[in-house]
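Everything below belongs to structure_6.csv, which stores CSV, C-alpha atoms.
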chain,number,residue,atom,x,y,z
A,1,MET,CA,-11.4,-10.8,-20.8
A,2,THR,CA,-9.7,-8.2,-18.5
A,3,LYS,CA,-11.2,-8.1,-15.1
A,4,LYS,CA,-13.3,-5.1,-14.3
A,5,TYR,CA,-12.2,-4.0,-10.8
A,6,LYS,CA,-14.8,-2.9,-8.3
A,7,ILE,CA,-14.0,0.3,-6.4
A,8,LEU,CA,-16.0,1.4,-3.4
A,9,TYR,CA,-15.6,5.1,-2.5
A,10,ILE,CA,-16.9,6.3,0.9
A,11,ASP,CA,-17.3,10.1,1.0
A,12,ASP,CA,-20.2,12.3,2.2
A,13,GLU,CA,-19.5,15.1,-0.4
A,14,VAL,CA,-21.9,14.8,-3.4
A,15,THR,CA,-19.5,16.6,-5.7
A,16,ILE,CA,-16.6,14.2,-4.9
A,17,ARG,CA,-18.9,11.2,-5.4
A,18,LYS,CA,-20.0,12.5,-8.8
A,19,LEU,CA,-16.4,13.2,-9.7
A,20,LEU,CA,-15.2,9.7,-8.7
A,21,PHE,CA,-18.2,8.0,-10.4
A,22,HIS,CA,-17.3,9.6,-13.8
A,23,LEU,CA,-13.6,9.1,-13.2
A,24,PHE,CA,-13.9,5.4,-12.5
A,25,THR,CA,-16.5,4.7,-15.2
A,26,ALA,CA,-14.4,6.4,-17.8
A,27,ASN,CA,-11.4,4.3,-16.9
A,28,GLY,CA,-13.0,1.0,-17.0
A,29,TYR,CA,-13.7,0.4,-13.3
A,30,ALA,CA,-17.0,-0.6,-11.6
A,31,PRO,CA,-17.9,2.2,-9.1
A,32,TYR,CA,-19.8,1.7,-5.9
A,33,GLU,CA,-20.5,4.6,-3.5
A,34,ALA,CA,-21.4,5.2,0.1
A,35,ALA,CA,-22.2,8.6,1.8
A,36,SER,CA,-21.5,7.6,5.4
A,37,GLY,CA,-19.2,5.3,7.4
A,38,GLU,CA,-22.0,2.9,8.3
A,39,GLU,CA,-23.2,2.6,4.7
A,40,GLY,CA,-19.5,2.2,3.7
A,41,LEU,CA,-19.1,-0.7,6.1
A,42,ASN,CA,-22.2,-2.4,4.8
A,43,MET,CA,-21.1,-1.9,1.2
A,44,ALA,CA,-17.6,-3.2,1.9
A,45,ALA,CA,-19.2,-6.4,3.3
A,46,SER,CA,-21.9,-6.9,0.7
A,47,GLN,CA,-20.2,-5.8,-2.5
A,48,THR,CA,-16.7,-7.2,-1.8
A,49,PRO,CA,-14.9,-4.4,-3.6
A,50,ASP,CA,-11.3,-4.9,-5.0
A,51,ILE,CA,-10.3,-1.4,-3.7
A,52,ILE,CA,-11.7,1.1,-1.2
A,53,ILE,CA,-11.3,4.9,-1.3
A,54,LEU,CA,-12.0,6.2,2.2
A,55,ASP,CA,-12.5,9.8,3.2
A,56,LEU,CA,-11.7,10.5,6.8
A,57,ASP,CA,-14.2,13.3,7.4
A,58,LEU,CA,-17.5,11.3,7.5
A,59,PRO,CA,-20.8,12.5,9.2
A,60,ASP,CA,-21.4,9.5,11.5
A,61,ILE,CA,-18.3,7.4,12.1
A,62,LYS,CA,-14.7,8.7,12.0
A,63,GLY,CA,-12.9,7.5,8.9
A,64,ASP,CA,-10.0,6.0,10.9
A,65,GLU,CA,-12.6,3.9,12.9
A,66,VAL,CA,-14.1,2.7,9.6
A,67,LEU,CA,-10.6,1.8,8.5
A,68,VAL,CA,-9.9,-0.3,11.7
A,69,ARG,CA,-13.3,-2.0,11.5
A,70,ILE,CA,-12.8,-3.0,7.9
A,71,ARG,CA,-9.3,-4.3,8.7
A,72,GLU,CA,-10.8,-6.6,11.3
A,73,TRP,CA,-12.0,-8.9,8.5
A,74,SER,CA,-10.7,-7.7,5.2
A,75,LYS,CA,-7.3,-7.2,3.5
A,76,THR,CA,-8.9,-5.1,0.6
A,77,PRO,CA,-6.5,-2.3,-0.4
A,78,ILE,CA,-7.7,1.0,1.2
A,79,ILE,CA,-6.6,4.4,-0.1
A,80,VAL,CA,-7.4,7.2,2.4
A,81,LEU,CA,-8.3,10.7,1.5
A,82,THR,CA,-7.2,13.2,4.2
A,83,ALA,CA,-7.0,17.0,4.5
A,84,ASN,CA,-4.2,16.6,7.1
A,85,LYS,CA,-0.6,17.1,5.8
A,86,GLU,CA,1.1,16.2,9.1
A,87,ASP,CA,3.5,13.2,8.9
A,88,ASP,CA,2.5,11.8,12.2
A,89,ASP,CA,-1.1,11.4,11.0
A,90,LYS,CA,0.0,9.8,7.8
A,91,VAL,CA,2.1,7.3,9.8
A,92,LYS,CA,-0.9,6.6,12.1
A,93,LEU,CA,-3.2,5.8,9.1
A,94,LEU,CA,-0.6,3.5,7.6
A,95,ASP,CA,-0.1,1.7,10.9
A,96,LEU,CA,-3.9,1.3,11.3
A,97,GLY,CA,-4.0,-0.5,8.0
A,98,ALA,CA,-4.3,2.0,5.2
A,99,ASP,CA,-2.4,1.0,2.0
A,100,ASP,CA,-1.9,4.6,0.8
A,101,TYR,CA,-3.2,8.1,1.2
A,102,LEU,CA,-3.8,11.2,-0.8
A,103,ILE,CA,-4.0,14.8,0.5
A,104,LYS,CA,-7.2,16.7,-0.4
A,105,PRO,CA,-7.7,18.4,-2.7
A,106,PHE,CA,-6.2,15.7,-5.0
A,107,HIS,CA,-5.5,15.4,-8.7
A,108,PRO,CA,-7.6,12.6,-10.4
A,109,PRO,CA,-4.6,11.3,-12.4
A,110,GLU,CA,-2.7,10.8,-9.1
A,111,LEU,CA,-5.6,8.9,-7.6
A,112,LEU,CA,-5.7,6.7,-10.7
A,113,ALA,CA,-2.0,6.1,-10.4
A,114,ARG,CA,-2.4,5.0,-6.8
A,115,ILE,CA,-5.2,2.7,-7.8
A,116,ARG,CA,-3.0,1.1,-10.5
A,117,VAL,CA,-0.4,0.4,-7.8
A,118,ALA,CA,-3.0,-1.2,-5.6
A,119,ILE,CA,-4.1,-3.4,-8.4
A,120,ARG,CA,-0.6,-4.5,-9.2
A,121,HIS,CA,-0.2,-5.4,-5.5
A,122,LEU,CA,-3.4,-7.5,-5.7
A,123,GLU,CA,-2.2,-9.3,-8.8
A,124,ARG,CA,1.3,-10.0,-7.4
A,125,ASN,CA,-0.2,-11.5,-4.3
A,126,GLN,CA,-2.2,-13.9,-6.5
A,127,GLU,CA,1.0,-14.9,-8.4
A,128,LEU,CA,3.1,-15.9,-5.3
A,129,PRO,CA,5.7,-17.3,-4.6
A,130,LEU,CA,7.8,-15.6,-7.4
A,131,LEU,CA,7.9,-11.9,-7.9
A,132,THR,CA,9.5,-10.5,-11.0
A,133,PHE,CA,10.3,-6.8,-11.7
A,134,GLY,CA,12.2,-6.7,-15.0
A,135,GLU,CA,15.8,-7.8,-14.2
A,136,LEU,CA,15.0,-8.3,-10.5
A,137,SER,CA,13.3,-11.5,-9.2
A,138,ILE,CA,12.4,-12.5,-5.7
A,139,ASP,CA,11.7,-16.2,-5.0
A,140,LEU,CA,9.6,-16.1,-1.8
A,141,ALA,CA,9.5,-19.8,-1.3
A,142,GLY,CA,13.3,-20.3,-2.0
A,143,HIS,CA,14.3,-17.1,-0.1
A,144,GLU,CA,16.4,-16.0,-3.1
A,145,VAL,CA,16.9,-12.7,-4.8
A,146,LYS,CA,18.3,-12.5,-8.3
A,147,VAL,CA,19.5,-9.6,-10.5
A,148,ARG,CA,19.9,-10.4,-14.2
A,149,GLY,CA,19.8,-14.1,-13.3
A,150,PHE,CA,22.6,-13.9,-10.8
A,151,SER,CA,21.8,-14.8,-7.2
A,152,ILE,CA,22.3,-12.1,-4.5
A,153,LYS,CA,23.4,-13.3,-1.1
A,154,LEU,CA,21.2,-11.8,1.6
A,155,THR,CA,21.0,-12.7,5.3
A,156,SER,CA,17.6,-13.9,6.6
A,157,LYS,CA,16.8,-10.5,8.1
A,158,GLU,CA,17.8,-8.7,4.9
A,159,PHE,CA,15.6,-11.0,2.8
A,160,GLU,CA,12.6,-10.5,5.1
A,161,PHE,CA,13.1,-6.7,4.9
A,162,PHE,CA,13.3,-6.8,1.1
A,163,LYS,CA,10.4,-9.2,0.9
A,164,ILE,CA,8.1,-6.8,2.8
A,165,LEU,CA,9.1,-3.9,0.5
A,166,ALA,CA,8.6,-6.1,-2.6
A,167,LEU,CA,5.2,-7.3,-1.5
A,168,ASN,CA,4.2,-3.7,-1.1
A,169,ALA,CA,6.0,-2.3,-4.1
A,170,GLY,CA,5.0,1.2,-4.9
A,171,ARG,CA,3.5,1.8,-1.4
A,172,ILE,CA,4.9,3.2,1.8
A,173,VAL,CA,5.7,0.6,4.5
A,174,THR,CA,6.1,2.3,7.8
A,175,GLN,CA,9.1,1.8,10.1
A,176,THR,CA,6.7,0.4,12.8
A,177,GLN,CA,5.2,-2.1,10.3
A,178,ILE,CA,8.7,-3.4,9.4
A,179,LEU,CA,10.0,-3.6,12.9
A,180,LYS,CA,6.9,-5.4,14.2
A,181,THR,CA,7.0,-7.9,11.3
A,182,ILE,CA,10.7,-8.8,11.5
A,183,TRP,CA,11.8,-8.1,15.1
A,184,GLY,CA,8.5,-8.3,17.0
A,185,PRO,CA,6.2,-5.9,18.9
A,186,ASN,CA,8.8,-5.0,21.5
A,187,ASN,CA,11.3,-3.5,19.0
A,188,GLN,CA,9.2,-0.7,17.5
A,189,GLU,CA,11.6,2.0,18.8
A,190,ASN,CA,14.7,0.5,17.2
A,191,SER,CA,14.5,2.4,13.9
A,192,HIS,CA,18.4,2.4,13.7
A,193,TYR,CA,18.1,-1.2,12.7
A,194,LEU,CA,16.4,-0.2,9.5
A,195,ARG,CA,19.0,2.3,8.4
A,196,VAL,CA,21.7,-0.4,8.7
A,197,TYR,CA,19.6,-2.9,6.6
A,198,VAL,CA,18.7,-0.4,4.0
A,199,ALA,CA,22.4,0.5,3.6
A,200,GLN,CA,23.1,-3.2,3.1
A,201,LEU,CA,20.3,-3.7,0.6
A,202,ARG,CA,21.4,-0.7,-1.4
A,203,LYS,CA,24.9,-2.2,-1.7
A,204,LYS,CA,23.7,-5.7,-2.5
A,205,VAL,CA,20.7,-5.1,-4.7
A,206,GLU,CA,20.7,-1.5,-6.0
A,207,MET,CA,24.4,-1.5,-7.1
A,208,PRO,CA,24.2,-4.6,-9.3
A,209,LEU,CA,20.8,-3.4,-10.6
A,210,GLY,CA,22.4,0.0,-11.5
A,211,LYS,CA,19.5,2.1,-10.1
A,212,LYS,CA,18.0,3.4,-6.9
A,213,ILE,CA,14.8,1.5,-6.0
A,214,ILE,CA,14.6,1.8,-2.2
A,215,ILE,CA,13.1,5.2,-1.4
A,216,THR,CA,13.3,6.7,2.1
A,217,GLU,CA,10.1,8.5,3.1
A,218,ALA,CA,11.6,10.8,5.8
A,219,GLY,CA,10.0,10.2,9.2
A,220,ILE,CA,7.5,7.6,7.8
A,221,GLY,CA,9.2,4.5,6.3
A,222,TYR,CA,10.3,3.1,3.0
A,223,ARG,CA,8.9,2.5,-0.5
A,224,LEU,CA,10.2,0.2,-3.2
A,225,LEU,CA,9.9,1.8,-6.7
A,226,LEU,CA,10.4,-0.5,-9.7
Spit out the file's structure as C-alpha cells when you get a sec.
Amino acid sequence: MTKKYKILYIDDEVTIRKLLFHLFTANGYAPYEAASGEEGLNMAASQTPDIIILDLDLPDIKGDEVLVRIREWSKTPIIVLTANKEDDDKVKLLDLGADDYLIKPFHPPELLARIRVAIRHLERNQELPLLTFGELSIDLAGHEVKVRGFSIKLTSKEFEFFKILALNAGRIVTQTQILKTIWGPNNQENSHYLRVYVAQLRKKVEMPLGKKIIITEAGIGYRLLL
C-alpha cells in the first residue's frame, strides 16, 4: 500500500487553507492545517507531518521564526510561501533551514511539483547509502560515483560537493550551506571555491553523462536536476 503523506500547511488566510485542503485531498495527501504560528508549532510537534508548507506572513509569530524553531528539533522538509521576490531574502530562508520556497501568488501544479521533490528527498534518505538516478549512481559509503557503470575519479572535496547536491536533488543548496559543510564556518565568503569545483564536476560527471545536471542559481547556490 502506498504511503499517504501528511502535509501540514500553516497560513492565516482562510481562502488559501481551503485551496490547499482540496488540492492535497484530491492528490492523495493527508492535509492538516494551522492558522497561526503557535498553532503550527503545536501541530508540527503533535501530528509529525511529512512535509510542512509555511507562509511567512502570520498574525502572531513571524514565519522565519517558526522556521527556526521547527529546525531546532525537526528535519521535516519545509516549503516556504513568500511574497518577497528578492534573492537575498530567498538565500536567508534557505540558510535558516527552508528546503524550498514559492513566490505568492503561486500556481497549485508548481506547489505539487515541489512537494514531489520533497517526497523523493525523503525516500532517498531512507534508502542510503546508494543513490541511483538512471545512469548515474552515488555510493555514499564507498565514496564512489559511477556513470553507466564506469567509475568517475573525484577528489574528496569534489565528492563531498556532489554528495550535498545529490542528497538535495531538485532543491537549491545555497553557497553558504555548501561552504560551511565542506570547508567549515570560517570560509563562508570563499564562493570562488565553488566555481572551481562546479567546473570540475561538469567535466568529470556531466560530460560522460551527456547532459547538464548542475544548475547554477545566480547569486543563491546550486541545484542538481536529474
Worksheet entry | Which residue of A:Val198, A:Ala83, A:Ile164, A:Ile182 approaches Ile138 in chain A most closely, using only C-alpha atoms |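 Ranked by minimum distance to Ile138 in chain A, first place goes to A:Ile164.
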Practice prompt. Give the answer as one residue: which of A:Ser36, A:Leu226, A:Lys75, A:Ile220 has the shortest atom-to-atom distance to Ser137 in chain A, using all atoms listed in the file?
Written response: A:Leu226
Fill in: From A:Val196, A:Leu67, A:Ile152, A:Ile79, residue lying nearest Ala113 in chain A [all atoms listed in the file]
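So, comparing all the options, the nearest one is A:Ile79.
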Item to complete: Tell me, as a ChimeraX atom specification, which residues lie within 8 Å of Glu13 in chain A, counting only C-alpha atoms; anything in the same chain fewer than 3 positions away does not count.
Response: /A:16-17,35
Counting only C-alpha atoms, what is within 7 Å of Asp60 in chain A, bar same-chain residues fewer than 2 positions away, as a CSV table (one decimal) with C-alpha atoms, keeping the file's coordinate frame?
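Output (result28.csv):
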chain,number,residue,atom,x,y,z
A,36,SER,CA,-21.5,7.6,5.4
A,37,GLY,CA,-19.2,5.3,7.4
A,58,LEU,CA,-17.5,11.3,7.5
A,62,LYS,CA,-14.7,8.7,12.0
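Remark: for Val91 in chain A, the closest of the candidate residues A:Val173, A:Ile213, A:Phe133, A:Pro59 is A:Val173 (distances computed over all atoms listed in the file).
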For C-alpha atoms, please extract range 99-201 of chain A from the block and return it as a short mmCIF file (atom, residue, chain, number, x, y, z; two decimals), in the first residue's frame.
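File result28.cif, as written:
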data_model
loop_
_atom_site.label_atom_id
_atom_site.label_comp_id
_atom_site.auth_asym_id
_atom_site.auth_seq_id
_atom_site.Cartn_x
_atom_site.Cartn_y
_atom_site.Cartn_z
CA ASP A 99 14.06 23.27 1.81
CA ASP A 100 12.36 25.27 -0.92
CA TYR A 101 10.23 28.36 -1.49
CA LEU A 102 7.41 29.60 -3.70
CA ILE A 103 6.54 33.20 -4.52
CA LYS A 104 2.91 34.14 -3.83
CA PRO A 105 0.61 34.05 -5.67
CA PHE A 106 1.66 30.54 -6.68
CA HIS A 107 0.34 28.00 -9.18
CA PRO A 108 -1.02 24.83 -7.49
CA PRO A 109 0.70 22.50 -10.03
CA GLU A 110 4.06 24.07 -9.16
CA LEU A 111 3.45 23.55 -5.44
CA LEU A 112 2.59 19.90 -6.11
CA ALA A 113 5.81 19.55 -8.11
CA ARG A 114 7.85 20.97 -5.19
CA ILE A 115 6.10 18.54 -2.84
CA ARG A 116 7.01 15.60 -5.09
CA VAL A 117 10.66 16.73 -4.97
CA ALA A 118 10.50 16.85 -1.16
CA ILE A 119 8.99 13.36 -1.05
CA ARG A 120 11.71 11.96 -3.32
CA HIS A 121 14.25 13.54 -0.99
CA LEU A 122 12.64 11.81 1.99
CA GLU A 123 12.59 8.46 0.21
CA ARG A 124 16.21 8.74 -0.93
CA ASN A 125 17.38 9.47 2.61
CA GLN A 126 15.63 6.28 3.74
CA GLU A 127 17.47 4.29 1.07
CA LEU A 128 21.02 5.37 1.90
CA PRO A 129 23.88 4.67 1.27
CA LEU A 130 23.34 4.18 -2.50
CA LEU A 131 21.66 6.88 -4.61
CA THR A 132 20.66 5.99 -8.17
CA PHE A 133 19.45 8.40 -10.84
CA GLY A 134 19.13 6.48 -14.10
CA GLU A 135 22.67 6.04 -15.49
CA LEU A 136 24.22 7.88 -12.55
CA SER A 137 24.87 6.26 -9.17
CA ILE A 138 26.47 7.62 -5.99
CA ASP A 139 27.78 5.19 -3.38
CA LEU A 140 27.86 7.31 -0.22
CA ALA A 141 29.56 4.66 1.88
CA GLY A 142 32.18 3.80 -0.74
CA HIS A 143 32.72 7.43 -1.85
CA GLU A 144 32.25 6.44 -5.48
CA VAL A 145 30.35 7.96 -8.40
CA LYS A 146 29.56 5.89 -11.48
CA VAL A 147 28.17 6.83 -14.89
CA ARG A 148 26.79 3.90 -16.92
CA GLY A 149 28.66 1.55 -14.61
CA PHE A 150 32.04 3.24 -15.08
CA SER A 151 33.72 4.76 -12.03
CA ILE A 152 34.40 8.52 -12.05
CA LYS A 153 37.51 9.64 -10.18
CA LEU A 154 36.65 12.53 -7.86
CA THR A 155 38.77 14.16 -5.19
CA SER A 156 37.42 14.01 -1.64
CA LYS A 157 36.21 17.63 -1.83
CA GLU A 158 34.59 17.07 -5.25
CA PHE A 159 32.79 14.03 -3.88
CA GLU A 160 31.55 15.91 -0.80
CA PHE A 161 30.29 18.74 -3.01
CA PHE A 162 28.49 16.35 -5.36
CA LYS A 163 27.11 14.38 -2.40
CA ILE A 164 25.47 17.50 -0.94
CA LEU A 165 23.83 18.26 -4.30
CA ALA A 166 22.71 14.62 -4.74
CA LEU A 167 21.19 14.39 -1.27
CA ASN A 168 19.20 17.52 -2.08
CA ALA A 169 18.49 16.71 -5.74
CA GLY A 170 15.88 19.05 -7.19
CA ARG A 171 16.34 21.62 -4.43
CA ILE A 172 18.55 24.68 -4.18
CA VAL A 173 21.58 24.34 -1.90
CA THR A 174 22.96 27.77 -1.02
CA GLN A 175 26.60 28.75 -1.37
CA THR A 176 26.77 29.28 2.40
CA GLN A 177 25.42 25.81 3.14
CA ILE A 178 27.99 24.17 0.88
CA LEU A 179 30.92 26.22 2.18
CA LYS A 180 30.00 25.60 5.83
CA THR A 181 29.57 21.86 5.29
CA ILE A 182 32.79 21.25 3.34
CA TRP A 183 35.21 23.99 4.42
CA GLY A 184 33.82 24.99 7.81
CA PRO A 185 32.12 28.12 9.24
CA ASN A 186 35.12 30.41 8.64
CA ASN A 187 35.05 30.04 4.85
CA GLN A 188 31.59 31.36 4.02
CA GLU A 189 32.97 34.20 1.88
CA ASN A 190 35.09 31.98 -0.37
CA SER A 191 32.48 31.42 -3.06
CA HIS A 192 35.22 31.26 -5.70
CA TYR A 193 35.98 27.75 -4.39
CA LEU A 194 32.57 26.66 -5.60
CA ARG A 195 33.01 27.87 -9.17
CA VAL A 196 36.22 25.85 -9.45
CA TYR A 197 34.61 22.66 -8.14
CA VAL A 198 31.48 23.06 -10.25
CA ALA A 199 33.69 23.38 -13.34
CA GLN A 200 35.47 20.15 -12.38
CA LEU A 201 32.20 18.29 -11.73
#
